[in-house]
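Enquirer: Coordinates in data05.cif, mmCIF, C-alpha atoms, are listed below.
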```cif
data_data
#
loop_
_atom_site.group_PDB
_atom_site.id
_atom_site.type_symbol
_atom_site.label_atom_id
_atom_site.label_comp_id
_atom_site.auth_asym_id
_atom_site.auth_seq_id
_atom_site.Cartn_x
_atom_site.Cartn_y
_atom_site.Cartn_z
ATOM 1 C CA MET A 1 20.545 -32.248 51.732
ATOM 2 C CA SER A 2 23.337 -30.337 53.428
ATOM 3 C CA GLN A 3 22.897 -26.952 55.022
ATOM 4 C CA ASN A 4 24.937 -25.350 52.219
ATOM 5 C CA ASP A 5 22.555 -26.849 49.634
ATOM 6 C CA ARG A 6 19.549 -25.489 51.541
ATOM 7 C CA GLY A 7 21.142 -22.038 51.623
ATOM 8 C CA HIS A 8 21.802 -22.255 47.890
ATOM 9 C CA ASP A 9 18.199 -23.352 47.254
ATOM 10 C CA ARG A 10 16.843 -20.496 49.387
ATOM 11 C CA LYS A 11 18.928 -17.999 47.430
ATOM 12 C CA SER A 12 17.739 -19.483 44.160
ATOM 13 C CA VAL A 13 14.092 -19.375 45.268
ATOM 14 C CA ALA A 14 14.532 -15.806 46.504
ATOM 15 C CA ARG A 15 16.026 -14.717 43.168
ATOM 16 C CA ARG A 16 13.267 -16.402 41.232
ATOM 17 C CA LEU A 17 10.581 -14.886 43.440
ATOM 18 C CA ALA A 18 12.139 -11.448 42.965
ATOM 19 C CA ALA A 19 12.183 -12.022 39.197
ATOM 20 C CA VAL A 20 8.496 -13.007 39.236
ATOM 21 C CA GLU A 21 7.617 -9.965 41.334
ATOM 22 C CA ARG A 22 9.453 -7.689 38.911
ATOM 23 C CA ALA A 23 7.719 -9.335 35.978
ATOM 24 C CA VAL A 24 4.283 -8.960 37.561
ATOM 25 C CA SER A 25 4.917 -5.378 38.549
ATOM 26 C CA GLY A 26 6.104 -4.563 35.051
ATOM 27 C CA GLU A 27 9.687 -3.783 36.029
ATOM 28 C CA GLU A 28 11.101 -6.591 33.921
ATOM 29 C CA PRO A 29 9.636 -8.233 30.844
ATOM 30 C CA LEU A 30 8.390 -11.798 31.339
ATOM 31 C CA GLU A 31 10.696 -13.059 28.560
ATOM 32 C CA ARG A 32 13.709 -11.880 30.514
ATOM 33 C CA THR A 33 12.504 -13.701 33.635
ATOM 34 C CA ASP A 34 12.095 -16.928 31.677
ATOM 35 C CA ARG A 35 15.555 -16.537 30.198
ATOM 36 C CA LEU A 36 17.040 -15.919 33.650
ATOM 37 C CA ASP A 37 15.391 -19.069 35.006
ATOM 38 C CA GLU A 38 16.673 -21.006 32.006
ATOM 39 C CA LEU A 39 20.219 -19.741 32.577
ATOM 40 C CA GLU A 40 20.101 -20.581 36.285
ATOM 41 C CA ALA A 41 19.000 -24.132 35.480
ATOM 42 C CA ARG A 42 21.811 -24.421 32.945
ATOM 43 C CA ILE A 43 24.358 -23.180 35.500
ATOM 44 C CA ASP A 44 23.142 -25.807 37.974
ATOM 45 C CA GLU A 45 23.590 -28.518 35.315
ATOM 46 C CA LEU A 46 27.092 -27.271 34.490
ATOM 47 C CA GLU A 47 28.072 -27.226 38.159
ATOM 48 C CA ALA A 48 26.904 -30.834 38.496
ATOM 49 C CA ALA A 49 28.878 -31.809 35.381
ATOM 50 C CA VAL A 50 32.024 -30.123 36.727
ATOM 51 C CA GLN A 51 31.677 -32.044 39.993
ATOM 52 C CA ALA A 52 31.269 -35.308 38.076
ATOM 53 C CA LEU A 53 34.377 -34.560 36.006
ATOM 54 C CA ARG A 54 36.372 -33.744 39.120
ATOM 55 C CA GLY A 55 35.372 -37.098 40.569
ATOM 56 C CA TYR A 56 36.358 -38.885 37.369
ATOM 57 C CA VAL A 57 39.745 -37.144 37.194
ATOM 58 C CA GLY A 58 40.383 -38.021 40.831
ATOM 59 C CA SER A 59 39.637 -41.670 40.065
ATOM 60 C CA VAL A 60 41.975 -41.651 37.067
ATOM 61 C CA ARG A 61 44.756 -40.134 39.158
ATOM 62 C CA ALA A 62 44.277 -42.782 41.828
ATOM 63 C CA VAL A 63 44.414 -45.564 39.230
ATOM 64 C CA ASN A 64 47.530 -44.057 37.616
ATOM 65 C CA GLU A 65 49.280 -43.876 40.977
ATOM 66 C CA ASP A 66 48.333 -47.492 41.707
ATOM 67 C CA VAL A 67 49.620 -48.649 38.310
ATOM 68 C CA GLU A 68 52.859 -46.729 38.834
ATOM 69 C CA ARG A 69 53.377 -48.329 42.256
ATOM 70 C CA ARG A 70 52.741 -51.796 40.813
ATOM 71 C CA ALA A 71 55.140 -51.178 37.912
ATOM 72 C CA ASP A 72 57.842 -49.958 40.315
ATOM 73 C CA ARG A 73 57.324 -53.027 42.480
ATOM 74 C CA ALA A 74 57.526 -55.334 39.429
ATOM 75 C CA LEU A 75 60.709 -53.630 38.241
ATOM 76 C CA ARG A 76 62.331 -53.932 41.681
ATOM 77 C CA THR A 77 61.386 -57.615 41.791
ATOM 78 C CA ALA A 78 62.788 -58.232 38.313
ATOM 79 C CA GLU A 79 66.013 -56.424 39.190
ATOM 80 C CA ALA A 80 66.343 -58.444 42.421
ATOM 81 C CA ILE A 81 65.858 -61.660 40.489
ATOM 82 C CA GLU A 82 68.412 -60.570 37.909
ATOM 83 C CA ARG A 83 70.968 -59.776 40.657
ATOM 84 C CA ASN A 84 70.391 -63.032 42.531
ATOM 85 C CA VAL A 85 70.239 -65.459 39.624
ATOM 86 C CA ALA A 86 73.725 -66.265 38.323
ATOM 87 C CA PRO A 87 74.023 -67.111 34.642
ATOM 88 C CA THR A 88 74.491 -70.878 34.281
ATOM 89 C CA GLU A 89 75.994 -70.852 30.826
ATOM 90 C CA THR A 90 78.122 -68.284 29.041
ATOM 91 C CA VAL A 91 78.833 -67.531 25.427
ATOM 92 C CA ASP A 92 82.304 -68.489 24.265
ATOM 93 C CA ALA A 93 83.348 -66.157 21.436
ATOM 94 C CA ALA A 94 85.360 -68.887 19.673
ATOM 95 C CA SER A 95 82.806 -71.689 19.824
ATOM 96 C CA GLY A 96 79.572 -69.706 19.603
ATOM 97 C CA PRO A 97 76.566 -69.825 21.969
ATOM 98 C CA ALA A 98 76.841 -72.309 24.839
ATOM 99 C CA SER A 99 73.138 -73.152 24.763
ATOM 100 C CA GLU A 100 70.093 -73.007 22.526
ATOM 101 C CA THR A 101 68.708 -70.154 24.639
ATOM 102 C CA ASP A 102 71.844 -68.133 23.952
ATOM 103 C CA ALA A 103 71.511 -68.887 20.239
ATOM 104 C CA GLU A 104 67.946 -67.568 20.305
ATOM 105 C CA ALA A 105 69.125 -64.420 22.071
ATOM 106 C CA GLU A 106 71.626 -63.680 19.314
ATOM 107 C CA GLY A 107 70.479 -62.177 16.057
ATOM 108 C CA ALA A 108 71.585 -63.241 12.569
ATOM 109 C CA ASP A 109 74.523 -60.829 12.749
ATOM 110 C CA GLY A 110 75.745 -62.312 16.036
ATOM 111 C CA ALA A 111 74.719 -59.245 18.048
ATOM 112 C CA ARG A 112 72.983 -59.864 21.351
ATOM 113 C CA ARG A 113 69.259 -58.985 21.334
ATOM 114 C CA SER A 114 67.699 -57.289 24.313
ATOM 115 C CA THR A 115 65.802 -59.320 26.865
ATOM 116 C CA PRO A 116 62.305 -58.421 28.043
ATOM 117 C CA LEU A 117 63.871 -57.074 31.235
ATOM 118 C CA ASP A 118 66.245 -54.864 29.227
ATOM 119 C CA ARG A 119 63.302 -53.529 27.226
ATOM 120 C CA LEU A 120 61.306 -52.886 30.409
ATOM 121 C CA LYS A 121 64.203 -50.971 31.963
ATOM 122 C CA ALA A 122 64.625 -48.923 28.799
ATOM 123 C CA ARG A 123 60.949 -47.906 28.830
ATOM 124 C CA LEU A 124 61.027 -46.838 32.461
#
```
Starting from the file, lay out its structure as structure tokens.

Expert:
Amino acid sequence: MSQNDRGHDRKSVARRLAAVERAVSGEEPLERTDRLDELEARIDELEAAVQALRGYVGSVRAVNEDVERRADRALRTAEAIERNVAPTETVDAASGPASETDAEAEGADGARRSTPLDRLKARL
């Protein structure tokens, strides 16, 4: 237990003791003391939940940053491959596609369909 936690516990015990003393002396009704203790316990639970949520959000942010870095790296690699790999066959407008792969890349209307790399670039 850290020193800050001990200080917080001492304050909590001191407040509760003061509430009990007031209740015994008749300064404060016992119901009010019980309600105060109940509220303090609830506040402690809420503080713990907030800390847990902060930890979770921090983890999600870290994962998102990691995924973004990996996606950037994959995109750079794909772009480098695209720049360095020369097309081996071209489409001749008069004779049609030069290979079966080119025929698959063309739609029924003869328009060129996008490649997975084109779609990836468009999404990023």

Enquirer: Quick one, how far is CA of Arg10 in chain A from CA of Ala48 in chain A?

Expert: 18.1 Å

Enquirer: Can you measure CA of Ala71 in chain A to CA of Leu53 in chain A for me? One decimal in Å is fine.

Expert: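 Distance between the two atoms: 26.7 Å.
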
Enquirer: If the PyMOL selection byres ((chain A and resi 33-39) around 10) were run on this exact file, what residues would it hold? Put them as a list in words.

Expert: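 Against this file, the PyMOL selection byres ((chain A and resi 33-39) around 10) returns the residues Ser12, Arg15, Arg16, Ala18, Ala19, Val20, Glu21, Arg22, Ala23, Glu28, Pro29, Leu30, Glu31, Arg32, Glu40, Ala41, Arg42, Ile43, Asp44 and Glu45 of chain A.
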
Enquirer: Output C-alpha atoms of each residue in that selection to a file, as an mmCIF file, keeping the file's coordinate frame.

Expert:
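Below is the file that was written, result_14.cif:
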```cif
data_model
loop_
_atom_site.group_PDB
_atom_site.id
_atom_site.type_symbol
_atom_site.label_atom_id
_atom_site.label_comp_id
_atom_site.auth_asym_id
_atom_site.auth_seq_id
_atom_site.Cartn_x
_atom_site.Cartn_y
_atom_site.Cartn_z
ATOM 1 C CA SER A 12 17.739 -19.483 44.160
ATOM 2 C CA ARG A 15 16.026 -14.717 43.168
ATOM 3 C CA ARG A 16 13.267 -16.402 41.232
ATOM 4 C CA ALA A 18 12.139 -11.448 42.965
ATOM 5 C CA ALA A 19 12.183 -12.022 39.197
ATOM 6 C CA VAL A 20 8.496 -13.007 39.236
ATOM 7 C CA GLU A 21 7.617 -9.965 41.334
ATOM 8 C CA ARG A 22 9.453 -7.689 38.911
ATOM 9 C CA ALA A 23 7.719 -9.335 35.978
ATOM 10 C CA GLU A 28 11.101 -6.591 33.921
ATOM 11 C CA PRO A 29 9.636 -8.233 30.844
ATOM 12 C CA LEU A 30 8.390 -11.798 31.339
ATOM 13 C CA GLU A 31 10.696 -13.059 28.560
ATOM 14 C CA ARG A 32 13.709 -11.880 30.514
ATOM 15 C CA GLU A 40 20.101 -20.581 36.285
ATOM 16 C CA ALA A 41 19.000 -24.132 35.480
ATOM 17 C CA ARG A 42 21.811 -24.421 32.945
ATOM 18 C CA ILE A 43 24.358 -23.180 35.500
ATOM 19 C CA ASP A 44 23.142 -25.807 37.974
ATOM 20 C CA GLU A 45 23.590 -28.518 35.315
#
```

Enquirer: Considering only C-alpha atoms, can you say which of A:Leu117, A:Ala14, A:Val57, A:Leu124 comes closest to Ala80 in chain A?

Expert: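 Distance minimum relative to Ala80 in chain A lands on A:Leu117.
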
Enquirer: Where does the PyMOL selection byres ((chain A and resi 75) around 12) land in this file, that is, which residues does it pick, as a VMD selection string?

Expert: chain A and resid 68 to 74 76 to 82 116 to 124

Enquirer: Could you tell me how far CA of Asp9 in chain A lies from CA of Ser59 in chain A, in Å and to one decimal?

Expert: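 Between these atoms lies a distance of 29.1 Å.
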
Enquirer: Around all listed atoms of range 55-73 of chain A, padded 8 Å per side, what centre and edge lengths does the axis-aligned box have in Å to one decimal, as JSON?

Expert:
```
{"center_x": 46.6, "center_y": -45.1, "center_z": 39.8, "size_x": 38.5, "size_y": 31.9, "size_z": 21.4}
```
